[in-house]
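> Quick one: the structure is below, questions incoming.
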Amino acid sequence: MVALGSGVRSPATAAGGGSPVLLWFRRDLRLADNPALQSALRAGRPVLPVFVCPSPEAEWAPGAGARWWLRRSLAALDADLQARGSRLLGLDGPADSALIKLAASTQATGIVWGDVREPSAVAEADLVREAFRAAGLAVEEVDGDLLFPLERVHTLAGGPFRVFTPFWRACRALPGPALPEGPPPVVIPGPEVWPAGVRIGAWSAGGLGTDSGDRMAVYWEPGEKGAQARLAAFLDDGLGIYAVERERPDRDGTSRLSPHLSVGEISVRRVWHEVGVRMKSWSPARKGTVLPSSTPPPPIASPDASAPAVASMRDSAHVFLTELGWREFARHLLVHFPHTVTRPLRPEFAAFPWEDDPEALDAWRRGLTGYPFVDAGMRQLRATGWMHNRVRMVIASFLVKDLLLPWQAGSRVLWEGLVDADMAGNTLGWQWAAGCGADAAPYFRVFNPVLQGRKFDPDGIYVRRWVPELGGLSTRHIHEPWRAPAEELRMAGVIVGESYPRPLVDHGVARDRALAAFRGLKAAAAPEAPTPARPEPTRRPT
DNA sequence: TGAAATGTTGGGGCG
DNA sequence: ACGCCCCAACATTTC
């Protein structure tokens with residue numbers, strides 16, 4: 001362990017007298033609208049910002065994608081703190097012993113952090129709380145990054161929701177989230193003497209490791225500044241067309257805010273408010289727009305050309321806010337059903353006869369299934385640490401229904417690769433795809449990877465970008481190269497089975513197999529239940 | 001936030 | 001003119 005207390009003196013302007021308070025950054029790597037930071041400042045004491053590196057042995061330690069992001073986000077946070085006379089300290093976990101040691105060596109009076117409501121993070125915080133209380137130090141846990149207070153969202157019977165629509169309706173009936181706080185503080189007072197040897201920048205031994213290069217850097221700008229820039233760009237260029245464009249992986253139609261949100265570089269309530277402001281300010285302004293009389297009416301479009309734009313903005317903002325609702329719903333579920341990280345919410349699925357086929361799993365993971373749309377998604381993940389959401393649904397359906405491989409295996413692969421890896425979202429998404437979770441896709445809903453490709457990548461642009469060996473195929477055959485005429489394959493330099501794999505399974509056959517397996521599960525769950533005389537009472541409302 | 005099978009309809013070719 | 005068939009297009013049902 002490093003010796004503390006022998007560091008350099010800090011600039012007088014940022015130094016404060018007295019014992020410091022620890023500010024434990026967790027999933028709120030920002031200075032603006034950060035309740036934990038605001039609370040630490042209110043104490044009127046020097047603030048010691050600290051991040052605890054997750055232990056690489058932890059069961060859900062961040063994967064390679066998340067580590068790539070975290071390293072850069074932490075460096076950005078450190079730089080932002082330095083600009084305010086502060087700095088970010090880095091410790092290796094476990095959090096309780098590391099933080100209590102830092103508190104002892106700096107004579108800290110207490111600690112504050114923002115709540116993170118994932119099972120492992122709750123357990124971690126419990127240990128920290130115990131350790132600090134035992135040492136007679138102050139502990140404050142402030143609200144985490146949610147739009148609505150979870151404890152106030154429940155069914156009439158008092159239980160948790162399992163279906164999104166009523167959940168979201170109940171949320172919207174509550175007062176919305178408070179307006180974000182004002183601009184970040186200009187100065188964050190530090191101690192007279194900073195502990196030495198625990199600068200975040202010098203910290204590479206822990207679970208974050210190192211990465212080979214900046215291959216992914218062209219796609220992303222981690223950090224608070226990057227998050228705000230991304231939001232601004234999305235509000236200006238993306239939100240108005242979001243409702244239609246978001247389904248197109250071949251275009252840049254999503255917000256791409258997820259990795260920024262996953263580590264809290266921007267608060268979700270700020271995103272909420274800024275989208276809301278756009279939604280309200282846009283429509284009256286456009287409604288009142290009067291075209292100069294000399295302007296000829298558009299040849300075919302409706303007389304008021306701005307009307308579609310207004311509707312589009314309103315629809316789009318609504319659709320986008322509903323996506324934030326799904327984020328909220330995922331957290332709601334994880335709080336009430338923490339076991340669903342590894343076990344199905346619907347208990348009968350525990351007996352599902354998943355296949356055990358490491359080679360098929362590996363082919364899927366590497367983007368070599370022989371289905372171009374699936375492979376494009378998996379390769380986009382490997383190259384950029386991110387995958388378009390529509391494609392996530394398709395690759396997930398392919399794993400659990402076409403390959404009959406367990407959703408937990410898929411969950412692990414995406415957890416390892418995604419820069420926006422999020423425990424609640426990953427869990428909800430995979431259980432949704434497998435049909436074993438809340439509000440899940442029914443077992444008979446099987447995505448056809450060819451049809452999904454044709455529908456959402458109609459020109460084959462997405463496939464050609466991420467599966468370049470198919471680039472010479474016509475749009476007609478780009479999503480099913482095994483059906484291309486021999487002459488076209490030859491001209492394109494494609495040899496199915498050599499330069500690009502033959503389909504791992506025949507989708508038609510695989511679909512029948514999946515339906516049979518899921519039917520069998522249903523039969524096993526209710527061995528001798530004939531059709532009930534009256535409709536089941538617990539069916540979801542529509 | 002499906003897809004496939006099955007059913008229905010209506011136009012048009014044709015004897 | 002008429003019935004018949006084919007089939008695309010659309011709707012409904014089933015998985």
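Ordered as shown in the structure tokens, chains take letters A, B, and onward, while each chain numbers its residues from 1 and ligands are numbered from 1 in the order shown.
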Near chain C, which residues of chain A fall within 12 Å when you count only C-alpha atoms (C1' of nucleotides), and what do they look like as a PDB file with N, CA and C atoms, in the first residue's frame?

```
ATOM      1  N   PRO A 442     -42.990 -13.069 -26.077  1.00  0.00           N
ATOM      2  CA  PRO A 442     -43.525 -14.421 -25.952  1.00  0.00           C
ATOM      3  C   PRO A 442     -42.628 -15.421 -26.695  1.00  0.00           C
ATOM      4  N   TYR A 443     -42.674 -16.656 -26.251  1.00  0.00           N
ATOM      5  CA  TYR A 443     -41.709 -17.632 -26.759  1.00  0.00           C
ATOM      6  C   TYR A 443     -41.824 -17.819 -28.268  1.00  0.00           C
ATOM      7  N   PHE A 444     -43.011 -17.604 -28.793  1.00  0.00           N
ATOM      8  CA  PHE A 444     -43.182 -17.848 -30.229  1.00  0.00           C
ATOM      9  C   PHE A 444     -42.725 -16.684 -31.087  1.00  0.00           C
ATOM     10  N   ARG A 445     -42.275 -15.617 -30.448  1.00  0.00           N
ATOM     11  CA  ARG A 445     -41.781 -14.495 -31.247  1.00  0.00           C
ATOM     12  C   ARG A 445     -40.314 -14.732 -31.567  1.00  0.00           C
ATOM     13  N   VAL A 446     -40.051 -15.171 -32.772  1.00  0.00           N
ATOM     14  CA  VAL A 446     -38.693 -15.498 -33.201  1.00  0.00           C
ATOM     15  C   VAL A 446     -38.309 -14.566 -34.346  1.00  0.00           C
ATOM     16  N   ARG A 511     -36.146 -22.481 -36.020  1.00  0.00           N
ATOM     17  CA  ARG A 511     -37.363 -21.895 -35.469  1.00  0.00           C
ATOM     18  C   ARG A 511     -38.304 -22.989 -34.961  1.00  0.00           C
ATOM     19  N   ASP A 512     -38.497 -24.024 -35.772  1.00  0.00           N
ATOM     20  CA  ASP A 512     -39.362 -25.130 -35.348  1.00  0.00           C
ATOM     21  C   ASP A 512     -38.834 -25.799 -34.083  1.00  0.00           C
ATOM     22  N   ARG A 513     -37.509 -25.957 -34.041  1.00  0.00           N
ATOM     23  CA  ARG A 513     -36.904 -26.576 -32.872  1.00  0.00           C
ATOM     24  C   ARG A 513     -37.151 -25.727 -31.614  1.00  0.00           C
ATOM     25  N   ALA A 514     -36.998 -24.395 -31.781  1.00  0.00           N
ATOM     26  CA  ALA A 514     -37.207 -23.502 -30.632  1.00  0.00           C
ATOM     27  C   ALA A 514     -38.664 -23.563 -30.174  1.00  0.00           C
ATOM     28  N   LEU A 515     -39.581 -23.524 -31.127  1.00  0.00           N
ATOM     29  CA  LEU A 515     -40.995 -23.552 -30.752  1.00  0.00           C
ATOM     30  C   LEU A 515     -41.322 -24.835 -30.000  1.00  0.00           C
ATOM     31  N   ALA A 516     -40.754 -25.950 -30.468  1.00  0.00           N
ATOM     32  CA  ALA A 516     -41.004 -27.221 -29.791  1.00  0.00           C
ATOM     33  C   ALA A 516     -40.443 -27.196 -28.372  1.00  0.00           C
ATOM     34  N   PHE A 518     -39.864 -24.616 -26.441  1.00  0.00           N
ATOM     35  CA  PHE A 518     -40.602 -23.708 -25.567  1.00  0.00           C
ATOM     36  C   PHE A 518     -41.991 -24.255 -25.257  1.00  0.00           C
ATOM     37  N   ARG A 519     -42.549 -24.956 -26.240  1.00  0.00           N
ATOM     38  CA  ARG A 519     -43.841 -25.606 -25.969  1.00  0.00           C
ATOM     39  C   ARG A 519     -43.694 -26.665 -24.886  1.00  0.00           C
TER      40      ARG A 519
END
```
> Which residues of chain A have any atom within 12 Å of an atom in chain B when counting only C-alpha atoms (C1' of nucleotides), and what is the closest pair of atoms for each, with the distance in Å to one decimal? Order the rows by chain and rising number and write it as a Markdown table.

```
| residue | atom | partner | partner_atom | distance |
| --- | --- | --- | --- | --- |
| A:Arg246 | CA | B:DT1 | C1' | 11.9 |
| A:Glu247 | CA | B:DT1 | C1' | 9.9 |
| A:Glu323 | CA | B:DT1 | C1' | 11.3 |
| A:Trp326 | CA | B:DT1 | C1' | 11.8 |
| A:Asn389 | CA | B:DT1 | C1' | 9.9 |
| A:Arg390 | CA | B:DT1 | C1' | 8.2 |
| A:Val391 | CA | B:DT1 | C1' | 11.2 |
| A:Arg392 | CA | B:DT1 | C1' | 11.1 |
| A:Met393 | CA | B:DT1 | C1' | 8.2 |
| A:Val394 | CA | B:DT1 | C1' | 10.5 |
| A:Ser397 | CA | B:DG2 | C1' | 10.9 |
| A:Gly429 | CA | B:DT1 | C1' | 10.9 |
| A:Trp432 | CA | B:DT1 | C1' | 10.0 |
| A:Ala433 | CA | B:DT1 | C1' | 10.0 |
| A:Asp439 | CA | B:DT1 | C1' | 11.0 |
| A:Ala440 | CA | B:DT1 | C1' | 10.1 |
| A:Ala441 | CA | B:DT1 | C1' | 8.5 |
| A:Pro442 | CA | B:DG2 | C1' | 10.0 |
| A:Tyr443 | CA | B:DG2 | C1' | 10.8 |
| A:Phe444 | CA | B:DG2 | C1' | 8.5 |
| A:Arg445 | CA | B:DG2 | C1' | 5.4 |
| A:Val446 | CA | B:DG2 | C1' | 6.1 |
| A:Phe447 | CA | B:DG2 | C1' | 5.9 |
| A:Asn448 | CA | B:DA3 | C1' | 7.2 |
| A:Pro449 | CA | B:DG2 | C1' | 10.8 |
| A:Val450 | CA | B:DA3 | C1' | 11.4 |
| A:Leu451 | CA | B:DA3 | C1' | 9.1 |
| A:Gln452 | CA | B:DG2 | C1' | 9.3 |
| A:Lys455 | CA | B:DG2 | C1' | 11.9 |
| A:His507 | CA | B:DA3 | C1' | 11.5 |
| A:Gly508 | CA | B:DA4 | C1' | 9.9 |
| A:Arg511 | CA | B:DA3 | C1' | 9.9 |
| A:Asp512 | CA | B:DA4 | C1' | 11.0 |
```
> Could you pull out all residues of stretch 328-402 of chain A with a DSSP call of alpha helix (DSSP H) and give them as an NGL selection string?
:A and (328-336 or 358-366 or 372-384 or 389-397)
> What gap, in Å, lies between atom CA of A:Gly114 and atom CA of A:Asp145?
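That distance, rounded to one decimal, is 7.9 Å.
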> Record the distance separating atom CA of A:Ala121 and atom CA of A:Arg382, expressed in Å with one decimal.
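These atoms are spaced 26.9 Å apart.
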> Out of A:Leu235, A:Leu368, A:Ala43, A:Ile100, which residue has the shortest atom-to-atom distance to A:Tyr500 when counting only C-alpha atoms?
A:Leu368
> Using DSSP on the backbone, list every residue of stretch 64-307 of chain A that comes out as strand (DSSP E or B), and give them as a list in words.
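Put together, the selection reads Leu89, Gly90, Leu91, Asp92, Gly110, Ile111, Val112, Trp113, Gly114, Ala138, Val139, Glu140, Glu141, Val142, Gly190, Val193 and Arg199 of chain A.
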> Those residues you just picked out, can you put them in a file as a compact mmCIF listing (two decimals), in the first residue's frame with N, CA and C atoms?

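Listing of result.txt after writing:
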```txt
# COMPACT_ATOMS: atom_id res chain seq x y z
N LEU A 89 -8.56 11.00 -6.61
CA LEU A 89 -7.72 9.95 -6.04
C LEU A 89 -8.25 8.60 -6.50
N GLY A 90 -7.33 7.66 -6.66
CA GLY A 90 -7.74 6.33 -7.08
C GLY A 90 -7.25 5.27 -6.10
N LEU A 91 -8.15 4.42 -5.69
CA LEU A 91 -7.81 3.34 -4.77
C LEU A 91 -8.18 2.01 -5.41
N ASP A 92 -7.49 0.96 -4.96
CA ASP A 92 -7.90 -0.38 -5.35
C ASP A 92 -8.80 -0.95 -4.27
N GLY A 110 -15.98 12.13 7.39
CA GLY A 110 -17.09 11.33 6.88
C GLY A 110 -16.97 11.13 5.39
N ILE A 111 -18.03 10.56 4.84
CA ILE A 111 -18.03 10.19 3.43
C ILE A 111 -19.42 10.40 2.86
N VAL A 112 -19.47 10.73 1.57
CA VAL A 112 -20.76 10.87 0.89
C VAL A 112 -20.65 10.22 -0.48
N TRP A 113 -21.75 9.60 -0.88
CA TRP A 113 -21.78 9.00 -2.22
C TRP A 113 -23.20 8.97 -2.75
N GLY A 114 -23.31 8.77 -4.05
CA GLY A 114 -24.60 8.62 -4.70
C GLY A 114 -24.99 7.16 -4.78
N ALA A 138 -19.09 10.07 9.79
CA ALA A 138 -20.39 10.39 9.20
C ALA A 138 -20.54 9.69 7.85
N VAL A 139 -21.74 9.23 7.56
CA VAL A 139 -22.04 8.57 6.29
C VAL A 139 -23.27 9.23 5.68
N GLU A 140 -23.17 9.62 4.45
CA GLU A 140 -24.35 10.13 3.76
C GLU A 140 -24.47 9.49 2.38
N GLU A 141 -25.63 8.92 2.12
CA GLU A 141 -25.91 8.35 0.81
C GLU A 141 -27.01 9.19 0.18
N VAL A 142 -26.69 9.84 -0.94
CA VAL A 142 -27.69 10.69 -1.59
C VAL A 142 -28.34 9.93 -2.73
N GLY A 190 -9.77 21.71 -1.68
CA GLY A 190 -9.06 20.49 -1.34
C GLY A 190 -8.35 20.64 -0.01
N VAL A 193 -2.73 19.45 2.26
CA VAL A 193 -1.77 18.48 1.76
C VAL A 193 -2.53 17.30 1.16
N ARG A 199 -2.74 9.23 -7.01
CA ARG A 199 -3.32 9.95 -8.15
C ARG A 199 -3.94 8.96 -9.12
```
> So how far away is atom CA of A:Glu224 from atom CA of A:Trp194, in Å?
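Atom-to-atom, atom CA of A:Trp194 to atom CA of A:Glu224, that is 24.0 Å.
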> With only C-alpha atoms (C1' of nucleotides) as the counted atoms, please give the residues lying no more than 10 Å from A:Asp422, apart from itself and same-chain residues fewer than 3 positions off, as a JSON list (two decimals) with C-alpha atoms, in the first residue's frame.

```
[["chain", "number", "residue", "atom", "x", "y", "z"],
["A", 62, "PRO", "CA", -16.40, -4.22, -15.67],
["A", 66, "ALA", "CA", -16.54, -0.73, -19.90],
["A", 118, "GLU", "CA", -27.41, -2.91, -8.29],
["A", 258, "SER", "CA", -25.90, 5.18, -23.28],
["A", 259, "PRO", "CA", -22.21, 4.90, -22.36],
["A", 261, "LEU", "CA", -25.28, 7.67, -18.92],
["A", 262, "SER", "CA", -23.94, 4.33, -17.74],
["A", 263, "VAL", "CA", -21.16, 5.97, -15.70],
["A", 327, "ARG", "CA", -33.98, 2.42, -18.29],
["A", 330, "ALA", "CA", -34.84, -2.00, -15.58],
["A", 331, "ARG", "CA", -33.70, -0.45, -12.31],
["A", 414, "LEU", "CA", -22.26, -8.28, -24.04],
["A", 415, "TRP", "CA", -21.23, -7.40, -20.51],
["A", 418, "LEU", "CA", -20.13, -3.11, -24.33],
["A", 419, "VAL", "CA", -18.86, 0.32, -23.39],
["A", 425, "GLY", "CA", -30.39, -2.95, -18.77],
["A", 426, "ASN", "CA", -28.40, -6.02, -19.76],
["A", 427, "THR", "CA", -30.45, -8.23, -17.47],
["A", 428, "LEU", "CA", -33.77, -6.89, -18.64]]
```
